[in-house]
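Here's final-v3.cif, which has mmCIF, C-alpha atoms:
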```cif
data_structure
#
loop_
_atom_site.group_PDB
_atom_site.id
_atom_site.type_symbol
_atom_site.label_atom_id
_atom_site.label_comp_id
_atom_site.auth_asym_id
_atom_site.auth_seq_id
_atom_site.Cartn_x
_atom_site.Cartn_y
_atom_site.Cartn_z
ATOM 1 C CA MET A 1 -68.184 -144.729 -52.470
ATOM 2 C CA LYS A 2 -67.890 -141.140 -53.576
ATOM 3 C CA GLN A 3 -70.601 -139.991 -55.971
ATOM 4 C CA LEU A 4 -69.280 -137.942 -58.862
ATOM 5 C CA SER A 5 -71.530 -135.766 -60.967
ATOM 6 C CA LEU A 6 -70.387 -135.160 -64.528
ATOM 7 C CA LEU A 7 -71.791 -132.205 -66.479
ATOM 8 C CA ILE A 8 -71.241 -133.548 -70.003
ATOM 9 C CA CYS A 9 -73.495 -131.422 -72.201
ATOM 10 C CA ALA A 10 -75.864 -128.502 -72.360
ATOM 11 C CA PHE A 11 -78.392 -128.955 -75.169
ATOM 12 C CA ILE A 12 -79.275 -125.609 -76.712
ATOM 13 C CA LEU A 13 -81.175 -126.135 -79.926
ATOM 14 C CA VAL A 14 -80.543 -122.969 -81.865
ATOM 15 C CA GLY A 15 -78.936 -124.965 -84.633
ATOM 16 C CA THR A 16 -76.132 -126.205 -82.317
ATOM 17 C CA LEU A 17 -75.705 -128.973 -79.759
ATOM 18 C CA SER A 18 -72.721 -128.431 -77.463
ATOM 19 C CA PHE A 19 -71.019 -130.732 -74.994
ATOM 20 C CA SER A 20 -68.498 -130.257 -72.194
ATOM 21 C CA SER A 21 -65.345 -132.310 -72.537
ATOM 22 C CA ALA A 22 -61.809 -132.722 -71.203
ATOM 23 C CA LEU A 23 -63.191 -133.596 -67.749
ATOM 24 C CA THR A 24 -61.188 -135.750 -65.364
ATOM 25 C CA PHE A 25 -62.398 -138.233 -62.749
ATOM 26 C CA GLU A 26 -60.929 -140.575 -60.176
ATOM 27 C CA LYS A 27 -60.299 -144.225 -60.882
ATOM 28 C CA ASP A 28 -62.621 -146.755 -59.180
ATOM 29 C CA SER A 29 -65.171 -144.100 -58.210
ATOM 30 C CA VAL A 30 -68.872 -144.072 -59.008
ATOM 31 C CA ILE A 31 -69.213 -141.730 -61.984
ATOM 32 C CA ASN A 32 -72.727 -140.505 -62.637
ATOM 33 C CA LEU A 33 -72.974 -138.837 -66.031
ATOM 34 C CA LYS A 34 -75.597 -136.086 -65.827
ATOM 35 C CA PHE A 35 -77.073 -134.314 -68.824
ATOM 36 C CA PRO A 36 -78.833 -130.989 -68.146
ATOM 37 C CA CYS A 37 -80.952 -130.405 -71.211
ATOM 38 C CA THR A 38 -82.896 -127.463 -72.619
ATOM 39 C CA TYR A 39 -85.188 -127.485 -75.628
ATOM 40 C CA ASP A 40 -86.587 -124.319 -77.226
ATOM 41 C CA GLY A 41 -85.708 -122.302 -74.155
ATOM 42 C CA GLY A 42 -87.161 -124.769 -71.641
ATOM 43 C CA ASN A 43 -86.439 -128.195 -70.199
ATOM 44 C CA CYS A 44 -86.492 -131.174 -72.504
ATOM 45 C CA HIS A 45 -89.750 -133.048 -72.658
ATOM 46 C CA ALA A 46 -90.228 -136.360 -70.908
ATOM 47 C CA ASP A 47 -90.316 -138.090 -74.274
ATOM 48 C CA THR A 48 -86.816 -136.856 -75.148
ATOM 49 C CA GLU A 49 -84.543 -139.855 -75.588
ATOM 50 C CA CYS A 50 -80.772 -139.660 -75.195
ATOM 51 C CA ARG A 51 -78.596 -142.616 -76.122
ATOM 52 C CA LEU A 52 -74.882 -142.942 -75.540
ATOM 53 C CA SER A 53 -71.929 -145.256 -75.985
ATOM 54 C CA VAL A 54 -68.813 -145.277 -73.833
ATOM 55 C CA ILE A 55 -65.543 -146.337 -75.445
ATOM 56 C CA TYR A 56 -62.522 -147.446 -73.401
ATOM 57 C CA PRO A 57 -59.052 -145.953 -74.025
ATOM 58 C CA ASN A 58 -58.124 -149.126 -75.953
ATOM 59 C CA GLN A 59 -61.076 -148.488 -78.301
ATOM 60 C CA THR A 60 -63.221 -151.362 -77.006
ATOM 61 C CA LEU A 61 -66.809 -150.721 -75.959
ATOM 62 C CA MET A 62 -67.832 -150.371 -72.340
ATOM 63 C CA VAL A 63 -71.507 -149.850 -73.284
ATOM 64 C CA GLU A 64 -73.234 -149.248 -76.594
ATOM 65 C CA ASN A 65 -76.415 -147.352 -77.439
ATOM 66 C CA GLN A 66 -77.616 -147.142 -73.833
ATOM 67 C CA ILE A 67 -80.574 -144.947 -72.858
ATOM 68 C CA ALA A 68 -79.925 -142.314 -70.217
ATOM 69 C CA ASP A 69 -82.495 -142.022 -67.430
ATOM 70 C CA TYR A 70 -84.706 -138.925 -67.468
ATOM 71 C CA SER A 71 -85.829 -137.372 -64.192
ATOM 72 C CA GLY A 72 -88.492 -135.100 -65.636
ATOM 73 C CA SER A 73 -86.760 -131.930 -64.434
ATOM 74 C CA GLY A 74 -84.493 -131.351 -67.392
ATOM 75 C CA ILE A 75 -81.812 -133.811 -66.222
ATOM 76 C CA ALA A 76 -80.808 -137.041 -67.923
ATOM 77 C CA ASN A 77 -78.155 -139.242 -66.360
ATOM 78 C CA TYR A 78 -76.271 -142.483 -66.821
ATOM 79 C CA THR A 79 -74.056 -144.240 -64.261
ATOM 80 C CA LEU A 80 -70.910 -145.829 -65.685
ATOM 81 C CA PRO A 81 -70.694 -149.559 -64.957
ATOM 82 C CA ASP A 82 -66.878 -149.435 -64.835
ATOM 83 C CA SER A 83 -64.272 -146.834 -63.871
ATOM 84 C CA SER A 84 -61.329 -149.153 -63.210
ATOM 85 C CA ILE A 85 -59.168 -148.229 -66.206
ATOM 86 C CA ASN A 86 -57.157 -145.047 -66.565
ATOM 87 C CA GLY A 87 -57.178 -143.162 -69.825
ATOM 88 C CA ASP A 88 -59.172 -141.054 -72.257
ATOM 89 C CA TYR A 89 -62.761 -142.159 -72.885
ATOM 90 C CA LYS A 90 -64.967 -141.351 -75.858
ATOM 91 C CA VAL A 91 -68.696 -140.747 -75.320
ATOM 92 C CA PRO A 92 -70.690 -140.263 -78.537
ATOM 93 C CA LEU A 93 -74.243 -139.065 -77.811
ATOM 94 C CA THR A 94 -77.441 -138.865 -79.799
ATOM 95 C CA CYS A 95 -80.581 -137.176 -78.459
ATOM 96 C CA THR A 96 -83.957 -137.414 -80.163
ATOM 97 C CA PHE A 97 -86.379 -134.633 -79.341
ATOM 98 C CA PRO A 98 -90.118 -134.224 -80.058
ATOM 99 C CA SER A 99 -91.104 -134.327 -83.727
ATOM 100 C CA ASN A 100 -88.223 -136.808 -84.247
ATOM 101 C CA TYR A 101 -85.649 -134.031 -84.270
ATOM 102 C CA SER A 102 -82.248 -135.464 -83.298
ATOM 103 C CA LYS A 103 -78.795 -134.112 -82.728
ATOM 104 C CA GLU A 104 -75.435 -135.822 -82.254
ATOM 105 C CA GLY A 105 -72.440 -134.789 -80.193
ATOM 106 C CA GLN A 106 -69.265 -136.016 -78.556
ATOM 107 C CA ALA A 107 -68.472 -135.736 -74.858
ATOM 108 C CA ASP A 108 -65.105 -137.145 -73.828
ATOM 109 C CA PHE A 109 -63.625 -137.481 -70.352
ATOM 110 C CA THR A 110 -60.510 -138.853 -68.684
ATOM 111 C CA ILE A 111 -59.992 -141.169 -65.703
ATOM 112 C CA THR A 112 -56.761 -140.867 -63.695
ATOM 113 C CA PRO A 113 -55.606 -142.522 -60.442
ATOM 114 C CA ASN A 114 -56.398 -139.441 -58.313
ATOM 115 C CA GLY A 115 -58.850 -137.583 -60.517
ATOM 116 C CA GLU A 116 -56.315 -134.928 -61.463
ATOM 117 C CA ILE A 117 -54.637 -134.003 -64.726
ATOM 118 C CA PRO A 118 -50.851 -134.398 -64.293
ATOM 119 C CA ILE A 119 -49.062 -131.061 -64.040
ATOM 120 C CA THR A 120 -45.591 -130.207 -65.317
ATOM 121 C CA ALA A 121 -44.066 -129.890 -61.827
ATOM 122 C CA LYS A 122 -45.235 -133.357 -60.817
ATOM 123 C CA THR A 123 -43.961 -134.806 -64.089
ATOM 124 C CA LEU A 124 -40.526 -133.280 -63.507
ATOM 125 C CA ILE A 125 -40.424 -134.714 -59.968
ATOM 126 C CA TYR A 126 -41.045 -138.240 -61.267
ATOM 127 C CA ILE A 127 -38.520 -137.853 -64.063
ATOM 128 C CA GLY A 128 -35.963 -136.517 -61.570
ATOM 129 C CA LEU A 129 -36.539 -139.488 -59.254
ATOM 130 C CA ILE A 130 -36.069 -141.939 -62.119
ATOM 131 C CA ILE A 131 -32.811 -140.263 -63.185
ATOM 132 C CA ILE A 132 -31.465 -140.257 -59.604
ATOM 133 C CA LEU A 133 -32.386 -143.908 -59.041
ATOM 134 C CA LEU A 134 -30.846 -144.972 -62.354
ATOM 135 C CA ALA A 135 -27.640 -143.062 -61.609
ATOM 136 C CA LEU A 136 -27.447 -144.584 -58.130
ATOM 137 C CA LEU A 137 -28.073 -148.072 -59.486
ATOM 138 C CA ALA A 138 -25.390 -147.624 -62.172
ATOM 139 C CA PHE A 139 -22.906 -146.432 -59.539
ATOM 140 C CA ILE A 140 -23.599 -149.459 -57.319
ATOM 141 C CA ILE A 141 -23.190 -151.893 -60.217
ATOM 142 C CA PHE A 142 -19.907 -150.200 -61.186
ATOM 143 C CA ALA A 143 -18.707 -150.463 -57.574
ATOM 144 C CA LEU A 144 -19.591 -154.161 -57.429
ATOM 145 C CA PHE A 145 -17.159 -154.868 -60.270
ATOM 146 C CA ASN A 146 -14.369 -152.946 -58.561
ATOM 147 C CA ILE A 147 -14.643 -154.049 -54.920
ATOM 148 C CA ASP A 148 -13.231 -157.340 -53.692
ATOM 149 C CA HIS A 149 -14.266 -157.092 -50.063
ATOM 150 C CA PHE A 150 -16.962 -159.719 -49.467
ATOM 151 C CA GLY A 151 -18.912 -157.716 -46.902
ATOM 152 C CA TRP A 152 -19.093 -154.646 -49.111
ATOM 153 C CA ARG A 153 -20.158 -156.731 -52.099
ATOM 154 C CA MET A 154 -23.033 -158.323 -50.152
ATOM 155 C CA GLY A 155 -24.105 -154.970 -48.744
ATOM 156 C CA LEU A 156 -24.035 -153.260 -52.134
ATOM 157 C CA THR A 157 -25.926 -156.166 -53.720
ATOM 158 C CA SER A 158 -28.686 -155.835 -51.125
ATOM 159 C CA PHE A 159 -28.795 -152.062 -51.591
ATOM 160 C CA ALA A 160 -28.950 -152.445 -55.383
ATOM 161 C CA TYR A 161 -31.953 -154.770 -55.035
ATOM 162 C CA ILE A 162 -33.771 -152.213 -52.887
ATOM 163 C CA ILE A 163 -32.977 -149.381 -55.326
ATOM 164 C CA ALA A 164 -34.196 -151.498 -58.270
ATOM 165 C CA ASN A 165 -37.437 -152.230 -56.419
ATOM 166 C CA VAL A 166 -38.021 -148.522 -55.714
ATOM 167 C CA PHE A 167 -37.177 -147.718 -59.346
ATOM 168 C CA LEU A 168 -39.888 -150.128 -60.546
ATOM 169 C CA LEU A 169 -42.367 -148.573 -58.117
ATOM 170 C CA VAL A 170 -41.675 -145.060 -59.413
ATOM 171 C CA CYS A 171 -41.929 -146.256 -63.039
ATOM 172 C CA TRP A 172 -45.231 -147.991 -62.267
ATOM 173 C CA LYS A 173 -46.745 -144.891 -60.650
ATOM 174 C CA MET A 174 -45.457 -142.628 -63.389
ATOM 175 C CA ALA A 175 -46.917 -144.868 -66.110
ATOM 176 C CA GLU A 176 -50.185 -145.089 -64.175
ATOM 177 C CA MET A 177 -50.484 -141.303 -63.982
ATOM 178 C CA PHE A 178 -48.997 -140.097 -67.258
ATOM 179 C CA LEU A 179 -49.156 -142.970 -69.762
ATOM 180 C CA THR A 180 -52.872 -143.683 -69.567
ATOM 181 C CA SER A 181 -53.063 -143.988 -73.354
ATOM 182 C CA ILE A 182 -50.589 -146.928 -73.227
ATOM 183 C CA PRO A 183 -52.033 -149.097 -70.413
ATOM 184 C CA PHE A 184 -49.809 -152.136 -71.050
ATOM 185 C CA ILE A 185 -46.746 -150.182 -69.847
ATOM 186 C CA GLU A 186 -48.409 -149.533 -66.489
ATOM 187 C CA THR A 187 -49.368 -153.220 -66.275
ATOM 188 C CA LEU A 188 -45.798 -154.291 -67.110
ATOM 189 C CA PHE A 189 -44.184 -152.142 -64.411
ATOM 190 C CA ARG A 190 -46.831 -153.150 -61.870
ATOM 191 C CA ILE A 191 -46.128 -156.846 -62.472
ATOM 192 C CA LEU A 192 -42.364 -156.278 -62.289
ATOM 193 C CA PHE A 193 -42.744 -154.355 -59.020
ATOM 194 C CA VAL A 194 -44.962 -157.041 -57.469
ATOM 195 C CA VAL A 195 -42.510 -159.771 -58.505
ATOM 196 C CA SER A 196 -39.492 -157.858 -57.183
ATOM 197 C CA THR A 197 -41.293 -157.140 -53.904
ATOM 198 C CA ALA A 198 -42.189 -160.803 -53.516
ATOM 199 C CA GLY A 199 -38.516 -161.606 -54.126
ATOM 200 C CA TYR A 200 -37.296 -159.737 -51.030
ATOM 201 C CA PHE A 201 -37.508 -162.776 -48.741
ATOM 202 C CA PRO A 202 -35.784 -165.316 -51.061
ATOM 203 C CA MET A 203 -33.196 -162.705 -52.073
ATOM 204 C CA PHE A 204 -32.103 -161.837 -48.556
ATOM 205 C CA LEU A 205 -32.400 -165.464 -47.418
ATOM 206 C CA PHE A 206 -29.974 -166.381 -50.209
ATOM 207 C CA ILE A 207 -27.590 -163.591 -49.160
ATOM 208 C CA LEU A 208 -27.727 -164.801 -45.534
ATOM 209 C CA ILE A 209 -27.030 -168.445 -46.456
ATOM 210 C CA TYR A 210 -24.294 -167.476 -48.914
ATOM 211 C CA SER A 211 -22.653 -165.240 -46.311
ATOM 212 C CA LEU A 212 -22.704 -168.030 -43.710
ATOM 213 C CA MET A 213 -21.168 -170.458 -46.213
ATOM 214 C CA HIS A 214 -18.491 -167.900 -47.067
ATOM 215 C CA MET A 215 -17.681 -167.387 -43.396
ATOM 216 C CA THR A 216 -17.397 -171.168 -42.937
ATOM 217 C CA ASP A 217 -15.060 -171.455 -45.939
ATOM 218 C CA GLU A 218 -12.896 -168.602 -44.660
ATOM 219 C CA ASN A 219 -12.606 -170.285 -41.260
ATOM 220 C CA ASN A 220 -11.598 -173.567 -42.933
ATOM 221 C CA ILE A 221 -9.007 -171.765 -45.074
ATOM 222 C CA GLN A 222 -7.544 -170.060 -42.029
ATOM 223 C CA THR A 223 -7.396 -173.381 -40.153
ATOM 224 C CA LEU A 224 -5.522 -175.024 -43.057
ATOM 225 C CA MET A 225 -3.121 -172.087 -43.295
ATOM 226 C CA ASP A 226 -2.413 -172.411 -39.568
ATOM 227 C CA ARG A 227 -1.435 -176.034 -40.262
ATOM 228 C CA GLY A 228 1.172 -174.955 -42.797
ATOM 229 C CA PHE A 229 -0.696 -174.896 -46.110
ATOM 230 C CA THR A 230 -0.312 -171.934 -48.431
ATOM 231 C CA GLU A 231 -3.388 -169.788 -49.094
ATOM 232 C CA ASP A 232 -3.833 -171.199 -52.609
ATOM 233 C CA GLN A 233 -3.547 -174.770 -51.318
ATOM 234 C CA ALA A 234 -5.980 -174.033 -48.512
ATOM 235 C CA ARG A 235 -8.535 -172.528 -50.889
ATOM 236 C CA TRP A 236 -8.144 -175.440 -53.317
ATOM 237 C CA ARG A 237 -8.703 -178.011 -50.573
ATOM 238 C CA THR A 238 -11.688 -176.069 -49.217
ATOM 239 C CA LYS A 239 -13.362 -175.915 -52.642
ATOM 240 C CA ARG A 240 -12.929 -179.651 -53.111
ATOM 241 C CA SER A 241 -14.386 -180.514 -49.710
#
```
Encoded form (structure tokens):
Amino acid sequence: MKQLSLLICAFILVGTLSFSSALTFEKDSVINLKFPCTYDGGNCHADTECRLSVIYPNQTLMVENQIADYSGSGIANYTLPDSSINGDYKVPLTCTFPSNYSKEGQADFTITPNGEIPITAKTLIYIGLIIILLALLAFIIFALFNIDHFGWRMGLTSFAYIIANVFLLVCWKMAEMFLTSIPFIETLFRILFVVSTAGYFPMFLFILIYSLMHMTDENNIQTLMDRGFTEDQARWRTKRS
């Protein structure tokens, strides 16, 4: 797996402790939080202790009050045990230096599916796709209520199912990338997409069987009409058989 190095904070004790924030990392990657540290103009001492907590986007704790490892060369680090959830993470830190001097800070970061902050152009592309798919789906549904031809109705129904499946996929990916602060929406669209994808086989099997039954009924109706029955009588007899 790819090793990611995160520069969270630079400790400069001239009355201030500063941290880097607004950093973004890729989902399901190994994220190694590294803490370069200086104390009175030099590297922190080996007895410097840094503790941190990592808070998930839903405000639950990933870890609490964990000690970061110290390499002895001015670098402390902590490897996240989990990077499987997209969203904004909170990382409160407390470092205790020699003579029991301590300082607190906050170092937040974000996890996204590809490690990138969504840009406006990409957002507009997804929104445009959703609008196009919705408009196409609405047009197909409108056409289904205004077309009597059986073949066209079956074809449009199949096409509508495919469009709906693609629509759910786009919504899922958009929620995954842009709605990281509301994870249940991403989960909802992912489940709906998986269910609709699994429904391809039964859906098209049903259409095939229904089409074959319709063709059989039409042949029976035509046979009865050839024997002298009217179309209404032929259809009535076929439905009762």
### Message
Since I can't run it myself right now, could you work out what the PyMOL selection byres ((chain A and resi 85) around 9) selects here and report it as a ChimeraX atom specification?
### Response
/A:27-28,56-57,82-84,86-87,111-113,180,183
### Query
Any idea what the distance is between atom CA of A:Lys173 and atom CA of A:Ile132?
16.0 Å
### Task
Could you expand the PyMOL selection byres ((chain A and resi 55) around 10) into the explicit residues it covers here, written as a ChimeraX atom specification?
/A:52-54,56-64,88-92,108
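Once the PyMOL selection byres ((chain A and resi 102) around 10) is applied to the shown structure, the selection contains Leu13, Leu17, Thr48, Glu49, Cys50, Thr94, Cys95, Thr96, Phe97, Pro98, Ser99, Asn100, Tyr101, Lys103 and Glu104 of chain A.
A straight line drawn from atom CA of A:Val166 to atom CA of A:Ile140 is 14.5 Å long.
Each of A:Leu136, A:Asp232, A:Ile75, A:Arg51 was compared to A:Gln106 using all atoms listed in the file, and A:Arg51 turns out to be the nearest.
Shell of A:Thr123 at 12 Å, with only C-alpha atoms counted and residues fewer than 6 places along the chain excluded, is Ile117, Leu129, Ile130, Val170, Cys171, Lys173, Met174, Ala175, Met177, Phe178 and Leu179 of chain A.
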Selected residues, C-alpha atoms, written as an mmCIF file, in the frame of the given file, please.
```
data_model
loop_
_atom_site.group_PDB
_atom_site.id
_atom_site.type_symbol
_atom_site.label_atom_id
_atom_site.label_comp_id
_atom_site.auth_asym_id
_atom_site.auth_seq_id
_atom_site.Cartn_x
_atom_site.Cartn_y
_atom_site.Cartn_z
ATOM 1 C CA ILE A 117 -54.637 -134.003 -64.726
ATOM 2 C CA LEU A 129 -36.539 -139.488 -59.254
ATOM 3 C CA ILE A 130 -36.069 -141.939 -62.119
ATOM 4 C CA VAL A 170 -41.675 -145.060 -59.413
ATOM 5 C CA CYS A 171 -41.929 -146.256 -63.039
ATOM 6 C CA LYS A 173 -46.745 -144.891 -60.650
ATOM 7 C CA MET A 174 -45.457 -142.628 -63.389
ATOM 8 C CA ALA A 175 -46.917 -144.868 -66.110
ATOM 9 C CA MET A 177 -50.484 -141.303 -63.982
ATOM 10 C CA PHE A 178 -48.997 -140.097 -67.258
ATOM 11 C CA LEU A 179 -49.156 -142.970 -69.762
#
```
### Query
How many Å separate atom CA of A:Thr216 from atom CA of A:Phe145?
23.8 Å
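Distances here use all atoms listed in the file; by that measure, the residue among A:Ile141, A:Ile182, A:Met215, A:Leu169 closest to A:Tyr126 is A:Leu169.
Closest to A:Asn77 among A:Leu33, A:Ile119, A:Met225, A:Leu144 is A:Leu33, based on only C-alpha atoms.
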### Task
Using all atoms listed in the file, pick whichever of A:Ala138, A:Thr120, A:Ile191, A:Leu208 has the shortest atom-to-atom distance to A:Gly155.
A:Leu208
